[in-house]
Every structure is written in structure tokens, then in C-alpha cells.
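Novice: Enclosed is the structure file protein34.cif (mmCIF, C-alpha atoms and all ligand atoms).
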data_my_file
loop_
_atom_site.label_atom_id
_atom_site.label_comp_id
_atom_site.auth_asym_id
_atom_site.auth_seq_id
_atom_site.Cartn_x
_atom_site.Cartn_y
_atom_site.Cartn_z
CA MET A 2 8.01 -8.58 27.65
CA SER A 3 6.73 -7.34 24.30
CA LYS A 4 8.57 -8.96 21.42
CA ASN A 5 8.50 -9.49 17.64
CA VAL A 6 7.13 -7.62 14.66
CA PHE A 7 3.60 -8.60 13.61
CA VAL A 8 1.97 -7.95 10.24
CA ILE A 9 -1.75 -8.25 9.57
CA ALA A 10 -1.84 -10.09 6.24
CA GLU A 11 -4.79 -9.16 4.05
CA GLN A 12 -6.63 -11.53 1.77
CA ARG A 13 -9.72 -11.10 -0.32
CA ASP A 14 -11.53 -14.11 -1.75
CA GLY A 15 -8.57 -16.16 -0.57
CA GLU A 16 -6.08 -14.09 -2.60
CA LEU A 17 -3.33 -12.36 -0.64
CA GLN A 18 -3.20 -8.62 -1.24
CA LYS A 19 0.11 -7.15 -2.41
CA VAL A 20 0.30 -4.91 0.65
CA SER A 21 0.79 -8.03 2.82
CA THR A 22 4.12 -8.96 1.23
CA GLU A 23 5.15 -5.27 1.19
CA LEU A 24 4.57 -5.07 4.95
CA ILE A 25 6.45 -8.31 5.56
CA GLY A 26 9.41 -6.91 3.56
CA LYS A 27 9.56 -3.90 5.91
CA ALA A 28 8.83 -6.00 9.02
CA ARG A 29 11.79 -8.22 8.10
CA GLU A 30 14.11 -5.19 8.14
CA LEU A 31 12.73 -3.95 11.47
CA ALA A 32 12.87 -7.39 13.10
CA ASP A 33 16.44 -7.95 11.92
CA ASP A 34 17.43 -4.58 13.44
CA LEU A 35 15.80 -5.59 16.72
CA GLY A 36 17.09 -9.18 16.64
CA GLN A 37 13.49 -10.42 16.70
CA GLU A 38 11.10 -12.43 14.49
CA VAL A 39 8.43 -11.58 11.92
CA TYR A 40 4.94 -12.97 12.55
CA ALA A 41 2.07 -12.67 10.08
CA ILE A 42 -1.55 -12.99 11.19
CA LEU A 43 -3.75 -14.50 8.49
CA LEU A 44 -7.52 -14.56 8.97
CA GLY A 45 -10.14 -16.17 6.75
CA GLU A 46 -11.77 -19.46 5.82
CA ASN A 47 -9.62 -22.12 4.15
CA VAL A 48 -6.67 -19.74 3.87
CA LYS A 49 -3.98 -21.93 5.46
CA ALA A 50 -2.46 -22.70 2.04
CA LYS A 51 -1.51 -19.02 1.70
CA ALA A 52 0.66 -19.10 4.83
CA ASP A 53 3.58 -20.51 2.82
CA VAL A 54 3.50 -17.49 0.49
CA LEU A 55 4.00 -15.24 3.51
CA ILE A 56 6.91 -17.39 4.71
CA HIS A 57 8.48 -17.34 1.24
CA HIS A 58 8.35 -13.52 1.41
CA GLY A 59 10.07 -13.21 4.80
CA ALA A 60 7.74 -14.22 7.65
CA ASP A 61 9.19 -16.55 10.31
CA LYS A 62 5.83 -17.61 11.71
CA VAL A 63 2.30 -17.35 10.39
CA ILE A 64 -0.61 -17.44 12.84
CA VAL A 65 -3.70 -18.64 11.02
CA VAL A 66 -7.22 -18.21 12.34
CA ASP A 67 -9.44 -20.27 10.08
CA HIS A 68 -13.16 -19.87 10.75
CA PRO A 69 -16.38 -19.62 8.68
CA LEU A 70 -17.17 -16.27 10.36
CA LEU A 71 -13.97 -14.86 8.80
CA LYS A 72 -14.92 -15.80 5.23
CA GLU A 73 -15.94 -12.24 4.34
CA TYR A 74 -14.46 -9.21 6.05
CA VAL A 75 -16.69 -8.12 8.94
CA THR A 76 -15.26 -5.74 11.51
CA GLU A 77 -16.21 -7.42 14.78
CA PRO A 78 -14.96 -11.02 14.27
CA TYR A 79 -11.78 -9.72 12.63
CA ALA A 80 -11.14 -7.21 15.43
CA LYS A 81 -11.79 -9.84 18.12
CA SER A 82 -9.44 -12.34 16.42
CA ILE A 83 -6.56 -9.88 16.15
CA TYR A 84 -7.14 -8.57 19.67
CA THR A 85 -7.02 -12.11 21.07
CA ILE A 86 -3.80 -12.92 19.19
CA VAL A 87 -2.16 -9.67 20.32
CA GLU A 88 -3.13 -10.41 23.94
CA ARG A 89 -1.67 -13.92 23.66
CA TYR A 90 1.59 -13.02 21.92
CA ASP A 91 2.36 -9.50 23.23
CA PRO A 92 4.05 -8.10 20.09
CA GLU A 93 6.51 -5.21 20.07
CA ILE A 94 5.19 -3.81 16.78
CA VAL A 95 2.00 -4.41 14.75
CA LEU A 96 1.68 -3.23 11.14
CA PHE A 97 -1.50 -2.93 9.06
CA GLY A 98 -1.95 -1.82 5.44
CA ALA A 99 -3.56 1.62 5.16
CA THR A 100 -6.33 -0.04 3.14
CA SER A 101 -10.06 0.18 3.82
CA ILE A 102 -9.75 -2.95 6.01
CA GLY A 103 -6.59 -1.80 7.84
CA ARG A 104 -8.04 1.66 8.42
CA ASP A 105 -11.12 0.08 9.96
CA LEU A 106 -9.31 -2.43 12.16
CA ALA A 107 -6.22 -0.61 13.41
CA PRO A 108 -7.93 2.20 15.40
CA ARG A 109 -10.36 -0.26 17.01
CA LEU A 110 -7.50 -2.46 18.08
CA ALA A 111 -5.47 0.50 19.37
CA ALA A 112 -8.45 1.63 21.47
CA ARG A 113 -9.04 -1.86 22.90
CA ILE A 114 -5.40 -2.39 23.79
CA HIS A 115 -4.92 1.20 24.98
CA THR A 116 -1.96 1.93 22.77
CA GLY A 117 -1.16 4.56 20.13
CA LEU A 118 -1.50 4.35 16.36
CA THR A 119 0.29 6.28 13.63
CA ALA A 120 -1.83 6.25 10.49
CA ASP A 121 -0.81 6.31 6.84
CA CYS A 122 2.95 5.94 7.33
CA THR A 123 5.37 6.24 4.44
CA GLY A 124 8.52 5.39 6.41
CA LEU A 125 9.40 3.10 9.33
CA ALA A 126 12.77 2.58 11.01
CA ILE A 127 14.22 1.50 14.34
CA ASP A 128 15.94 4.32 16.21
CA GLU A 129 19.53 3.27 16.83
CA GLU A 130 19.67 4.74 20.31
CA THR A 131 16.22 4.19 21.83
CA ARG A 132 15.31 1.02 19.82
CA LEU A 133 11.84 2.57 19.36
CA LEU A 134 9.95 2.49 16.07
CA ARG A 135 10.22 5.82 14.22
CA MET A 136 7.01 6.20 12.19
CA THR A 137 7.07 8.83 9.45
CA ARG A 138 4.02 10.27 7.73
CA PRO A 139 3.10 13.45 5.85
CA ALA A 140 1.59 16.18 8.03
CA PHE A 141 0.17 19.68 7.59
CA GLY A 142 -1.14 18.98 4.11
CA GLY A 143 2.07 17.32 3.02
CA ASN A 144 4.14 20.38 3.77
CA LEU A 145 6.29 18.52 6.26
CA MET A 146 7.04 14.96 7.24
CA ALA A 147 6.34 14.12 10.88
CA THR A 148 8.25 11.38 12.68
CA ILE A 149 6.29 9.92 15.55
CA VAL A 150 7.36 7.52 18.31
CA CYS A 151 5.16 5.65 20.77
CA GLN A 152 7.19 5.72 23.95
CA ASN A 153 5.20 4.17 26.74
CA PHE A 154 2.69 1.75 25.24
CA ARG A 155 2.92 -1.58 23.47
CA PRO A 156 2.54 -2.68 20.78
CA GLN A 157 3.78 0.22 18.66
CA MET A 158 1.23 0.29 15.84
CA ALA A 159 1.13 1.80 12.36
CA THR A 160 -0.91 1.62 9.20
CA VAL A 161 1.32 1.80 6.13
CA ARG A 162 0.44 3.10 2.71
CA PRO A 163 0.18 0.38 0.05
CA GLY A 164 2.85 0.66 -2.64
CA VAL A 165 5.45 2.31 -0.41
CA MET A 166 7.40 -0.65 1.02
CA THR A 167 9.34 -3.14 -1.06
CA PRO A 168 8.52 -6.85 -0.76
CA MET A 169 11.38 -9.32 -0.41
CA GLU A 170 12.17 -11.56 -3.37
CA ASN A 171 10.08 -14.72 -3.25
CA ASP A 172 12.19 -17.61 -1.92
CA ASN A 173 10.43 -20.97 -2.21
CA ASP A 174 13.10 -22.64 -0.06
CA ARG A 175 12.46 -20.37 2.92
CA LYS A 176 11.13 -22.29 5.91
CA GLY A 177 8.86 -21.11 8.71
CA GLU A 178 6.21 -22.26 11.11
CA VAL A 179 2.44 -22.20 10.66
CA ILE A 180 0.50 -21.92 13.93
CA MET A 181 -3.25 -22.56 13.95
CA GLU A 182 -5.05 -20.55 16.63
CA ASP A 183 -8.60 -20.80 17.93
CA VAL A 184 -9.81 -17.45 19.24
CA GLY A 185 -13.20 -18.72 20.41
CA LEU A 186 -15.35 -17.02 17.78
CA THR A 187 -19.08 -17.68 18.16
CA ASP A 188 -22.19 -16.47 16.34
CA ALA A 189 -22.52 -13.82 19.07
CA ASP A 190 -19.41 -12.13 17.57
CA MET A 191 -21.22 -11.56 14.29
CA ASN A 192 -23.13 -8.34 14.74
CA VAL A 193 -24.16 -8.07 11.08
CA LYS A 194 -25.91 -10.51 8.79
CA ILE A 195 -24.52 -10.88 5.27
CA ILE A 196 -27.49 -11.25 2.95
CA GLU A 197 -25.66 -11.19 -0.35
CA VAL A 198 -22.14 -10.55 -1.60
CA ALA A 199 -22.29 -8.65 -4.90
CA LYS A 200 -19.06 -9.11 -6.84
CA GLU A 201 -17.87 -6.43 -9.23
CA GLU A 202 -18.09 -7.63 -12.82
CA LYS A 203 -14.89 -5.95 -13.86
CA LYS A 204 -11.74 -6.02 -11.79
CA LYS A 205 -11.57 -2.68 -10.02
CA LEU A 206 -8.90 -0.48 -11.45
CA ASP A 207 -5.86 -0.40 -9.23
CA ILE A 208 -3.08 1.81 -10.52
CA THR A 209 -0.83 0.59 -7.70
CA GLU A 210 -0.58 -2.79 -9.47
CA ALA A 211 0.37 -1.43 -12.94
CA ARG A 212 3.92 -1.95 -14.21
CA VAL A 213 3.66 1.02 -16.59
CA LEU A 214 1.74 4.21 -15.75
CA VAL A 215 1.08 7.01 -18.20
CA SER A 216 0.14 9.98 -16.06
CA GLY A 217 -1.39 13.23 -17.32
CA GLY A 218 -1.60 16.66 -15.70
CA ARG A 219 -3.11 20.06 -16.36
CA GLY A 220 -0.71 20.44 -19.30
CA LEU A 221 -2.94 18.05 -21.27
CA GLY A 222 -5.29 20.99 -21.68
CA GLY A 223 -8.56 19.05 -21.36
CA PRO A 224 -10.18 15.62 -21.04
CA GLU A 225 -9.48 14.82 -24.70
CA GLY A 226 -5.76 14.81 -23.84
CA PHE A 227 -6.38 11.54 -22.02
CA ASP A 228 -7.44 9.87 -25.30
CA LEU A 229 -3.89 10.37 -26.52
CA LEU A 230 -2.55 9.08 -23.22
CA ALA A 231 -4.76 6.00 -23.57
CA GLU A 232 -3.07 5.26 -26.91
CA LEU A 233 0.36 5.44 -25.31
CA ALA A 234 -0.80 3.35 -22.33
CA GLU A 235 -2.16 0.71 -24.70
CA ALA A 236 1.05 0.63 -26.75
CA MET A 237 3.03 0.19 -23.50
CA GLU A 238 0.53 -2.26 -21.93
CA GLY A 239 0.10 0.19 -19.08
CA GLU A 240 -2.61 2.11 -17.26
CA ILE A 241 -3.53 5.78 -17.20
CA SER A 242 -3.05 7.80 -14.04
CA SER A 243 -3.08 11.52 -13.30
CA SER A 244 -2.20 14.47 -11.14
CA ARG A 245 -4.76 16.00 -8.82
CA ALA A 246 -5.25 18.99 -11.14
CA SER A 247 -6.72 16.67 -13.82
CA VAL A 248 -9.01 15.04 -11.24
CA ASP A 249 -10.14 18.40 -9.83
CA ALA A 250 -10.89 19.59 -13.36
CA GLY A 251 -13.16 16.56 -13.83
CA TRP A 252 -11.07 15.16 -16.71
CA ILE A 253 -10.52 11.79 -15.04
CA GLU A 254 -11.75 9.77 -12.06
CA LYS A 255 -10.23 10.11 -8.59
CA ALA A 256 -9.21 6.41 -8.47
CA ARG A 257 -6.41 7.30 -10.90
CA GLN A 258 -4.90 10.14 -8.90
CA VAL A 259 -1.29 9.74 -7.85
CA GLY A 260 0.10 11.62 -4.86
CA GLN A 261 -0.35 12.52 -1.28
CA THR A 262 -4.14 12.54 -1.40
CA GLY A 263 -4.23 9.94 -4.16
CA LYS A 264 -2.32 6.68 -4.42
CA THR A 265 1.32 5.85 -3.94
CA VAL A 266 2.64 4.00 -6.98
CA ARG A 267 5.92 2.32 -7.82
CA PRO A 268 5.65 1.12 -11.44
CA ASP A 269 8.66 0.07 -13.50
CA ILE A 270 8.01 3.04 -15.82
CA TYR A 271 6.18 6.26 -14.93
CA PHE A 272 5.40 8.82 -17.65
CA ALA A 273 4.69 12.31 -16.23
CA LEU A 274 3.09 14.23 -19.06
CA GLY A 275 2.18 17.88 -18.56
CA ILE A 276 2.72 17.48 -14.82
CA SER A 277 4.71 20.18 -13.03
CA GLY A 278 6.00 17.93 -10.24
CA ALA A 279 4.49 19.52 -7.12
CA ILE A 280 5.74 17.97 -3.89
CA GLN A 281 2.35 16.38 -3.22
CA HIS A 282 2.52 14.63 -6.60
CA LEU A 283 6.13 13.52 -6.15
CA ALA A 284 5.20 11.97 -2.78
CA GLY A 285 3.18 9.39 -4.67
CA MET A 286 5.51 8.43 -7.51
CA GLU A 287 9.15 9.29 -6.90
CA GLU A 288 10.04 5.68 -6.03
CA SER A 289 9.07 4.56 -9.58
CA GLY A 290 11.71 2.60 -11.50
CA LEU A 291 12.16 4.87 -14.55
CA ILE A 292 10.56 8.31 -14.65
CA ILE A 293 10.04 9.90 -18.05
CA ALA A 294 8.78 13.50 -18.11
CA ILE A 295 7.53 15.69 -20.92
CA ASN A 296 6.94 19.33 -20.11
CA LYS A 297 7.13 22.52 -22.11
CA SER A 298 8.90 24.33 -19.27
CA ASP A 299 12.53 23.35 -18.70
CA SER A 300 12.30 24.60 -15.10
CA ALA A 301 9.43 22.26 -14.13
CA PRO A 302 10.39 20.48 -10.86
CA ILE A 303 9.40 17.13 -12.36
CA PHE A 304 12.74 17.20 -14.20
CA ASP A 305 14.52 17.06 -10.82
CA VAL A 306 13.26 13.50 -10.27
CA ALA A 307 13.01 12.37 -13.93
CA ASP A 308 15.49 9.88 -15.37
CA LEU A 309 14.62 10.99 -18.90
CA GLY A 310 13.14 14.35 -19.81
CA ILE A 311 11.84 15.96 -22.96
CA VAL A 312 11.29 19.73 -23.00
CA GLY A 313 8.55 20.29 -25.53
CA ASP A 314 4.88 20.68 -26.33
CA LEU A 315 2.96 17.49 -25.59
CA ASN A 316 0.75 18.01 -28.62
CA LYS A 317 3.80 17.69 -30.82
CA VAL A 318 5.94 15.21 -28.87
CA LEU A 319 3.30 12.71 -27.79
CA PRO A 320 2.00 11.66 -31.25
CA LYS A 321 5.60 11.01 -32.35
CA LEU A 322 6.31 8.99 -29.21
CA ILE A 323 3.17 6.88 -29.72
CA GLU A 324 4.13 6.26 -33.34
CA GLN A 325 7.55 5.01 -32.25
CA TYR A 326 6.20 2.74 -29.49
CA LYS A 327 3.63 1.27 -31.87
CA LYS A 328 6.40 0.42 -34.33
CA ALA A 329 8.58 -1.16 -31.61
P1 LIG A 401 0.27 22.29 -12.93
O1 LIG A 401 1.02 22.47 -11.68
O2 LIG A 401 -0.63 23.35 -13.39
O3 LIG A 401 1.31 21.89 -14.04
C1 LIG A 401 1.01 21.74 -15.40
C2 LIG A 401 2.32 21.51 -16.12
O4 LIG A 401 2.08 21.25 -17.48
C3 LIG A 401 3.27 22.73 -16.07
O5 LIG A 401 4.53 22.32 -15.59
C4 LIG A 401 3.35 23.21 -17.51
O6 LIG A 401 4.63 23.70 -17.85
C5 LIG A 401 3.05 21.94 -18.27
N1 LIG A 401 2.40 22.18 -19.58
C6 LIG A 401 1.37 23.01 -19.88
N2 LIG A 401 1.04 22.88 -21.19
C7 LIG A 401 1.89 21.96 -21.72
C8 LIG A 401 2.06 21.41 -23.02
N3 LIG A 401 1.27 21.77 -24.05
N4 LIG A 401 3.05 20.50 -23.22
C9 LIG A 401 3.87 20.12 -22.19
N5 LIG A 401 3.75 20.61 -20.93
C10 LIG A 401 2.76 21.50 -20.69
N6 LIG A 401 -1.40 16.91 -6.51
C11 LIG A 401 -1.29 15.67 -7.00
O7 LIG A 401 -0.93 15.47 -8.17
N7 LIG A 401 -1.60 14.60 -6.21
C12 LIG A 401 -1.99 14.70 -4.94
O8 LIG A 401 -2.28 13.70 -4.30
C13 LIG A 401 -2.08 16.01 -4.39
N8 LIG A 401 -2.44 16.20 -3.10
C14 LIG A 401 -2.44 17.47 -2.60
C15 LIG A 401 -2.73 17.66 -1.24
C16 LIG A 401 -2.72 18.93 -0.70
C17 LIG A 401 -3.01 19.10 0.75
C18 LIG A 401 -2.44 20.02 -1.52
C19 LIG A 401 -2.42 21.41 -0.95
C20 LIG A 401 -2.19 19.87 -2.88
C21 LIG A 401 -2.18 18.59 -3.43
N9 LIG A 401 -1.93 18.37 -4.77
C22 LIG A 401 -1.80 17.11 -5.24
C23 LIG A 401 -1.87 19.50 -5.73
C24 LIG A 401 -0.46 19.90 -6.11
O9 LIG A 401 0.02 20.86 -5.20
C25 LIG A 401 -0.46 20.51 -7.53
O10 LIG A 401 -1.36 21.61 -7.55
C26 LIG A 401 -0.85 19.54 -8.63
O11 LIG A 401 -0.05 18.37 -8.54
C27 LIG A 401 -0.61 20.21 -9.97
O12 LIG A 401 -1.02 19.36 -11.00
P2 LIG A 401 -0.36 19.46 -12.42
O13 LIG A 401 1.12 19.24 -12.33
O14 LIG A 401 -1.12 18.58 -13.32
O15 LIG A 401 -0.68 20.97 -12.84
#
Take the structure from the file and write it as C-alpha cells.

Specialist:
Amino acid sequence: MSKNVFVIAEQRDGELQKVSTELIGKARELADDLGQEVYAILLGENVKAKADVLIHHGADKVIVVDHPLLKEYVTEPYAKSIYTIVERYDPEIVLFGATSIGRDLAPRLAARIHTGLTADCTGLAIDEETRLLRMTRPAFGGNLMATIVCQNFRPQMATVRPGVMTPMENDNDRKGEVIMEDVGLTDADMNVKIIEVAKEEKKKLDITEARVLVSGGRGLGGPEGFDLLAELAEAMEGEISSSRASVDAGWIEKARQVGQTGKTVRPDIYFALGISGAIQHLAGMEESGLIIAINKSDSAPIFDVADLGIVGDLNKVLPKLIEQYKKA
């Protein structure tokens, strides 16, 4: 009988990605509701040492597949490893991050196992009556939230947006089991040849990791508005982000867009400057710790979710705010 909640832990260059502990946090909740256990699957080369981190964040068991063919992410050996583990353990639920790796792996696995997959989820819960996984995701361009259940097939599978779920507090005293598995990988499983791995010189910007985000919208009036935002971001040791309107206008790169078609963020402090607060924008930031909005219109919907709001012209308010933060 299918049992337990499995999470595909993601690592790059041996470093666990934040989404892995976020997924384990949610898996813990689901498994506790079901009276089952949380398993993490960790693939790579020489990654066993990271298994403890997953246990400290809520996993009961970590299945490690350690193999030279898993050193860099390549679809086929990764897909075969996860497929083999799923066949051996028969999980009730399998969760992936909705990252480039998770989006590549999850549909392949679903097709091989002949089960369903709900992509890009923002909410997961166990239905009290049916005990099925209720998977919630935006649909119809974000105009409604769809809740999907997978009734007849196992495992129930979902990819989950990074930044949406909350990791458990790290507990170094937490104990669990590390299981080493051999899935029989051979050179025949490697259908590509890696000639060279070119590393990016600069760490790629990831607004989902920032503790402070200073976000600018159409109300900035042009790309030069972001220079002022950069000053505030620097004073607050934060990063710049934006609404889609600023991206569409070509004022800033897409990697900084927050929202339904951008990234989901959960910083400690989120400044929404000249952003109206459209539902598609709110979908990406409303879980932030403290939301501070500046807008010249007192009826802007952003004020409905803001903890602190200033009604005023950015061109007047922002320079004063920067001056104050620089002094502090
Ligand atoms: P506006 O809505 O034009 O708001 C500008 C605000 O600035 C206004 O409230 C105005 O009062 C204020 N303002 C103007 N001048 C000043 C000033 N001098 N001082 C202070 N305030 C000023 N949007 C996203 O952000 N992220 C997404 O991921 C996203 N995905 C979408 C997906 C779909 C399918 C669709 C249909 C839309 C999506 N959108 C998304 C677009 C979204 O609906 C809004 O159009 C967009 O968020 C508006 O951006 P904005 O708030 O910057 O601009």
C-alpha cells in the first residue's frame, strides 16, 4: 500500500537549495496529518553529508543515491534514480520544487509511473474527509485558484513554487535515518556527454533569497526611478525587484519580477513603491513579513495588504526615506 510523503531534495554543486527545506516543512505537516513519515531523496556525488541537514529540517529518513553520474544534473540518470526509488518504496505523495530541475523531472516521472501531476502549486493540504492531497494552483491567468485532487493513481505528485512554503526551524538534535541506495546506474544511462561545465562568474541574482526587497512599479515613471530604488536597497542591504509593468516597459530585467508570472518572494521586508497591488502581483509577495507601500492614490489595493502605508508622491517621499535610512 502506498505510504509516506517523499520530497526530492535539490542540490547544486553539493549545496542544498532552499526549496528543499521548504518542501520538507510542508511535507512534515502533510505526513503528520496522515500519520506517516517524511522521506527525502538526495541525489549527487559525495552528498551524503547533506542528509543530516534535511533531517534537522524535518525529514525522518533520507534516501541517498551517491554516484559519479549524478555529479551534474542530467535528466536521464536523475529520472531513472527517482523512478527506481519510487518503485521500491511506493510513496503516497511525491513533491518536487517548481524549479528548472523539478519541472524537467516531475512530468517524466509522472509519465513513467502513469500517475497525475499538478504543476506549480501554491497550496497543499490533506482533505479531512477523503485523506487525499488537495493541490492548489493559480488557473485561468491567475483569475481563480484551482484545487486539484488525484483520486485513482499513486503517488499523488506536485511541483511546488519556491518561496511559498515555510521551512521548519533547524533542530540539530533531530534524529533520522540515512539509507544508501544503489539504483544500478551504468554508463548506458548517460545519454549526453558533458564536455565542459561553465560556471557563472557572478552569483545569479535570486530575489527569492533576499531578506529585504525594494520593489518598483509603473509609478516610478521610467527606468531612472530604479536608480533611486537602488539607493534605498543599498541602504537597507536589500535587492531590487519589480512589478510586471516595469518589466514589460523594459525598465528592468525579468529575473526581478515578483508575482504570478514572476517569482514568489517572502522577504522580511517588502517595499512596494508605485505598485498598484494587482492580484497577480499580490500572489507573489503577500506572505512577506512586513509590507511597506508608497502610492499617490489612497485607494490603491496594495494598501489592503500593507502593514505600513504612505500616501504620497514617490519623487518627494523616497528621497526623504533614503536620507533617514542612511542616517540610521
Ligand atoms: P499600475 O497598475 O499601473 O500601478 C501603478 C501605481 O503607481 C498606481 O497605483 C499609481 O497610483 C501609482 N503611482 C503613479 N505615480 C506615482 C507617484 N509619482 N508616486 C506614487 N505612486 C504613484 N503583475 C505583476 O506585478 N507580476 C506578475 O507576475 C503578473 N502576472 C500577470 C499575469 C497575468 C496572466 C496577467 C493578466 C497580468 C499579470 N500581471 C502581473 C499584471 C498585473 O495585472 C498588473 O497589470 C501589474 O501588476 C501592474 O503593475 P504596476 O502596479 O507597477 O502598475

Novice: Output the neighbourhood of ligand LIG 401 (chain A) as a ChimeraX atom specification, that is, all protein and nucleic acid residues with some atom at most 7 Å from the ligand, counting only C-alpha atoms and all ligand atoms.

Specialist: /A:142-143,217-222,243-247,258-263,274-282,285,295-298,301,313-316

Novice: Kindly provide, as a list in words, the polymer residues lying within 7 Å of (4.0, 6.2, -4.4), counting all atoms listed in the file and using the coordinates exactly as they appear in the file.

Specialist: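 Residues close enough to count: Gly164, Val165, Gly260, Lys264, Thr265, Val266, Arg267, Ala284, Gly285, Met286, Glu287 and Glu288 of chain A.
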
Novice: Could you please take those selected residues and save C-alpha atoms as a PDB file, keeping the file's coordinate frame?

Specialist:
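Now in part-v4.pdb:
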ATOM      1  CA  GLY A 164       2.850   0.660  -2.640  1.00  0.00           C
ATOM      2  CA  VAL A 165       5.450   2.310  -0.410  1.00  0.00           C
ATOM      3  CA  GLY A 260       0.100  11.620  -4.860  1.00  0.00           C
ATOM      4  CA  LYS A 264      -2.320   6.680  -4.420  1.00  0.00           C
ATOM      5  CA  THR A 265       1.320   5.850  -3.940  1.00  0.00           C
ATOM      6  CA  VAL A 266       2.640   4.000  -6.980  1.00  0.00           C
ATOM      7  CA  ARG A 267       5.920   2.320  -7.820  1.00  0.00           C
ATOM      8  CA  ALA A 284       5.200  11.970  -2.780  1.00  0.00           C
ATOM      9  CA  GLY A 285       3.180   9.390  -4.670  1.00  0.00           C
ATOM     10  CA  MET A 286       5.510   8.430  -7.510  1.00  0.00           C
ATOM     11  CA  GLU A 287       9.150   9.290  -6.900  1.00  0.00           C
ATOM     12  CA  GLU A 288      10.040   5.680  -6.030  1.00  0.00           C
TER      13      GLU A 288
END

Novice: When you count only C-alpha atoms, which of these residues is closest to Arg132 (chain A): A:Asp34, A:Asp190, A:Asp67, A:Glu46?

Specialist: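 Closest candidate: A:Asp34.
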
Novice: Which residue is closest to Asp172 (chain A)? Choose from A:Pro320, A:Val184, A:Asp53, A:Glu240 and count all atoms listed in the file.

Specialist: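 Once distances to Asp172 (chain A) are computed over all atoms listed in the file, the minimum belongs to A:Asp53.
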
Novice: Rounded to one decimal place, report the CA of Val75 (chain A)-CA of Pro108 (chain A) distance in Å.

Specialist: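 Distance reported for this atom pair: 15.0 Å.
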
Novice: Identify the residues within 8 Å of coordinate (12.6, -19.9, 0.0) (same frame as the file), considering only C-alpha atoms, and give the answer as a list in words.

Specialist: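 With a cut-off of 8 Å, the residues come to Ile56, His57, His58, Asn171, Asp172, Asn173, Asp174, Arg175 and Lys176 of chain A.
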
Novice: Got a sec: who's within 12 Å of Glu77 (chain A), counting all atoms listed in the file, leaving out chain neighbours fewer than 2 positions off, as a compact mmCIF listing (two decimals) with C-alpha atoms, keeping the file's coordinate frame?

Specialist:
# COMPACT_ATOMS: atom_id res chain seq x y z
CA LEU A 70 -17.17 -16.27 10.36
CA LEU A 71 -13.97 -14.86 8.80
CA GLU A 73 -15.94 -12.24 4.34
CA TYR A 74 -14.46 -9.21 6.05
CA VAL A 75 -16.69 -8.12 8.94
CA TYR A 79 -11.78 -9.72 12.63
CA ALA A 80 -11.14 -7.21 15.43
CA LYS A 81 -11.79 -9.84 18.12
CA SER A 82 -9.44 -12.34 16.42
CA ILE A 83 -6.56 -9.88 16.15
CA TYR A 84 -7.14 -8.57 19.67
CA ILE A 102 -9.75 -2.95 6.01
CA ASP A 105 -11.12 0.08 9.96
CA LEU A 106 -9.31 -2.43 12.16
CA ARG A 109 -10.36 -0.26 17.01
CA LEU A 110 -7.50 -2.46 18.08
CA LEU A 186 -15.35 -17.02 17.78
CA THR A 187 -19.08 -17.68 18.16
CA ASP A 188 -22.19 -16.47 16.34
CA ALA A 189 -22.52 -13.82 19.07
CA ASP A 190 -19.41 -12.13 17.57
CA MET A 191 -21.22 -11.56 14.29
CA ASN A 192 -23.13 -8.34 14.74
CA VAL A 193 -24.16 -8.07 11.08
CA LYS A 194 -25.91 -10.51 8.79

Novice: Please determine, counting all atoms listed in the file, which residue among A:Ala256, A:Ala50, A:Val66, A:Leu44 has the shortest atom-to-atom distance to Glu182 (chain A).

Specialist: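 Looking only at the distances to Glu182 (chain A), the closest residue turns out to be A:Val66.
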
Novice: Which distance in Å separates CA of Gln18 (chain A) and CA of Arg212 (chain A), to one decimal?

Specialist: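 A separation of 16.2 Å between them.
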